[in-house]
Amino acid sequence: MPSVEEPEAEDSEVDSFITQAEVTEVVQQLLGGKAPKVNEICPEYLKFLDVVGLSWLTRLCNIAWWSGTVPLDWATGVVVPLFKKGDRRVCSNYRGITLLSLPGKFYSRVLERRVRTSDTGAMRFLVVEHWTSSIPSTGCSRAPSSLDLQHALGHFAAECEAAGMRVSTSKSEAMVLDRKKVACTLQVGGEFLPQVEEFKYLGVLFMSEGRMDHEIDRRIGAAAAVMRSMYQSVVVKRELSQKAKLSIYQSIYHPTLTYGHEVWVMT
């Protein structure tokens, strides 16, 4: 695999490589204090990498970018069932989310930045919700073209069937991240999936044109609602010290306002 610093390609192909500057910027934006997952890698480990370490990390990202595969640990997550409402003994009343390991999230951010900064080609997104006999689980797949995504989707559906699961076409959607509208026709078992202009994934609203205006407005509205609810019980309470009020502000209001800010496109 050629290094990013010494690409063995034409100038038009060099732009398609993930650069060390992109990887470095994402690493610097990683939040510390997060518990390691199955791979036992903490954000601090990546943040303390020197130039040589970042160079190897960039090479690894490019291998994953071009091969379409990532290390198994990067894709291994912990499925956590979140109770929604109703009878707790009914499986459909739970929503499963997968807590990906740090490198998996890190590589996703590299790809998202790659999409935002690249003018060549669009990244297709597919959100699928598959069901087991006990817990529903939501996942997201990415591919550089509709053909590649259809191939990945077919392989995913086959693997689900082999494991006794099925892809719910009624809860699966496709979206293309591009400044212009691009058709992306996908199907599972002969059923076509609807292409949408927006979808909410892990609490963040994504728009097909890549803008985050609606998501930022939602965050501001959610934070304003938190502040209204806190006003009588916290803000005007004379019994609470200023230090206690600031602590509540930092632990409740601020996270609500900035949730998912790592993927915001600021213009």
# chains A, B, ... in the order shown; residues from 1 in each chain; ligands from 1
>>> closest_atom_pairs(of="stretch 136-204 of chain A", to="stretch 215-224 of chain A", cutoff="12 Å", atoms="only C-alpha atoms", output="tab-separated table")
residue	atom	partner	partner_atom	distance
A:Glu198	CA	A:Glu215	CA	10.4
A:Phe199	CA	A:Glu215	CA	10.6
A:Lys200	CA	A:Glu215	CA	9.3
A:Tyr201	CA	A:Glu215	CA	11.3
A:Gly203	CA	A:Glu215	CA	9.6
A:Val204	CA	A:Glu215	CA	6.7
>>> write_last_selection(atoms="N, CA, C and O atoms", output="short mmCIF file (atom, residue, chain, number, x, y, z; two decimals), in the first residue's frame")
data_model
loop_
_atom_site.label_atom_id
_atom_site.label_comp_id
_atom_site.auth_asym_id
_atom_site.auth_seq_id
_atom_site.Cartn_x
_atom_site.Cartn_y
_atom_site.Cartn_z
N GLU A 198 -33.87 12.96 4.28
CA GLU A 198 -33.35 13.15 5.63
C GLU A 198 -33.65 11.90 6.45
O GLU A 198 -34.60 11.17 6.17
N PHE A 199 -32.83 11.64 7.45
CA PHE A 199 -33.15 10.59 8.42
C PHE A 199 -32.39 10.85 9.72
O PHE A 199 -31.35 11.51 9.72
N LYS A 200 -32.96 10.37 10.79
CA LYS A 200 -32.34 10.54 12.10
C LYS A 200 -31.63 9.25 12.46
O LYS A 200 -32.21 8.18 12.47
N TYR A 201 -30.33 9.36 12.75
CA TYR A 201 -29.53 8.20 13.11
C TYR A 201 -28.81 8.47 14.41
O TYR A 201 -28.05 9.44 14.52
N GLY A 203 -29.95 9.71 17.05
CA GLY A 203 -30.34 10.99 17.61
C GLY A 203 -29.90 12.20 16.82
O GLY A 203 -30.16 13.34 17.23
N VAL A 204 -29.23 12.01 15.67
CA VAL A 204 -28.75 13.13 14.85
C VAL A 204 -29.50 13.12 13.53
O VAL A 204 -29.61 12.09 12.88
#
>>> closest_residue(among="A:Leu202, A:Val263, A:Leu60, A:Val236", to="A:Gly96", atoms="only C-alpha atoms")
A:Leu202
>>> closest_residue(among="A:His261, A:His155, A:Lys47, A:Lys34", to="A:Phe206", atoms="only C-alpha atoms")
A:His261
>>> residues_around(residues="A:Glu262", least_positions_apart="2", cutoff="8 Å", atoms="only C-alpha atoms", output="ChimeraX atom specification")
/A:29,260,264
>>> closest_residue(among="A:Arg95, A:Gly154, A:Val196, A:Ala162", to="A:Ala174", atoms="only C-alpha atoms")
A:Val196
>>> select_by_dssp(residues="stretch 55-96 of chain A", states="helix (DSSP H, G or I)", output="list of chain:residue names")
A:Ser55, A:Trp56, A:Leu57, A:Thr58, A:Arg59, A:Leu60, A:Cys61, A:Asn62, A:Ile63, A:Ala64, A:Trp65, A:Trp66, A:Ser67, A:Leu72, A:Asp73, A:Trp74, A:Ala75, A:Cys91, A:Ser92, A:Asn93
>>> atom_distance(atom1="atom CA of A:Phe192", atom2="atom CA of A:Gly68")
24.0 Å
>>> decode(residues="stretch 144-182 of chain A", atoms="C-alpha atoms", output="mmCIF file, in the first residue's frame")
data_model
loop_
_atom_site.group_PDB
_atom_site.id
_atom_site.type_symbol
_atom_site.label_atom_id
_atom_site.label_comp_id
_atom_site.auth_asym_id
_atom_site.auth_seq_id
_atom_site.Cartn_x
_atom_site.Cartn_y
_atom_site.Cartn_z
ATOM 1 C CA PRO A 144 -19.040 4.980 -2.743
ATOM 2 C CA SER A 145 -21.666 3.947 -5.337
ATOM 3 C CA SER A 146 -25.171 2.522 -5.629
ATOM 4 C CA LEU A 147 -23.808 -0.686 -7.150
ATOM 5 C CA ASP A 148 -21.383 -1.221 -4.283
ATOM 6 C CA LEU A 149 -24.097 -0.489 -1.741
ATOM 7 C CA GLN A 150 -26.515 -2.905 -3.414
ATOM 8 C CA HIS A 151 -23.831 -5.590 -3.332
ATOM 9 C CA ALA A 152 -23.142 -4.904 0.365
ATOM 10 C CA LEU A 153 -26.868 -4.906 1.105
ATOM 11 C CA GLY A 154 -27.367 -8.251 -0.631
ATOM 12 C CA HIS A 155 -24.474 -9.755 1.294
ATOM 13 C CA PHE A 156 -25.818 -8.303 4.546
ATOM 14 C CA ALA A 157 -29.321 -9.675 3.912
ATOM 15 C CA ALA A 158 -27.874 -13.133 3.157
ATOM 16 C CA GLU A 159 -25.845 -13.092 6.366
ATOM 17 C CA CYS A 160 -28.942 -12.061 8.332
ATOM 18 C CA GLU A 161 -30.983 -14.919 6.891
ATOM 19 C CA ALA A 162 -28.208 -17.381 7.693
ATOM 20 C CA ALA A 163 -28.305 -16.181 11.304
ATOM 21 C CA GLY A 164 -32.090 -16.388 11.540
ATOM 22 C CA MET A 165 -32.706 -12.659 11.053
ATOM 23 C CA ARG A 166 -34.338 -10.626 8.314
ATOM 24 C CA VAL A 167 -34.022 -7.087 6.990
ATOM 25 C CA SER A 168 -37.165 -5.088 7.625
ATOM 26 C CA THR A 169 -37.818 -3.332 4.307
ATOM 27 C CA SER A 170 -40.563 -1.241 5.899
ATOM 28 C CA LYS A 171 -37.998 0.287 8.266
ATOM 29 C CA SER A 172 -35.048 0.529 5.864
ATOM 30 C CA GLU A 173 -34.186 3.672 3.919
ATOM 31 C CA ALA A 174 -31.497 4.860 1.524
ATOM 32 C CA MET A 175 -30.017 8.344 1.247
ATOM 33 C CA VAL A 176 -27.380 9.952 -0.984
ATOM 34 C CA LEU A 177 -25.135 12.653 0.417
ATOM 35 C CA ASP A 178 -24.665 15.070 -2.454
ATOM 36 C CA ARG A 179 -25.257 18.727 -3.231
ATOM 37 C CA LYS A 180 -27.448 17.608 -6.129
ATOM 38 C CA LYS A 181 -30.251 15.053 -6.141
ATOM 39 C CA VAL A 182 -28.923 11.644 -7.180
#
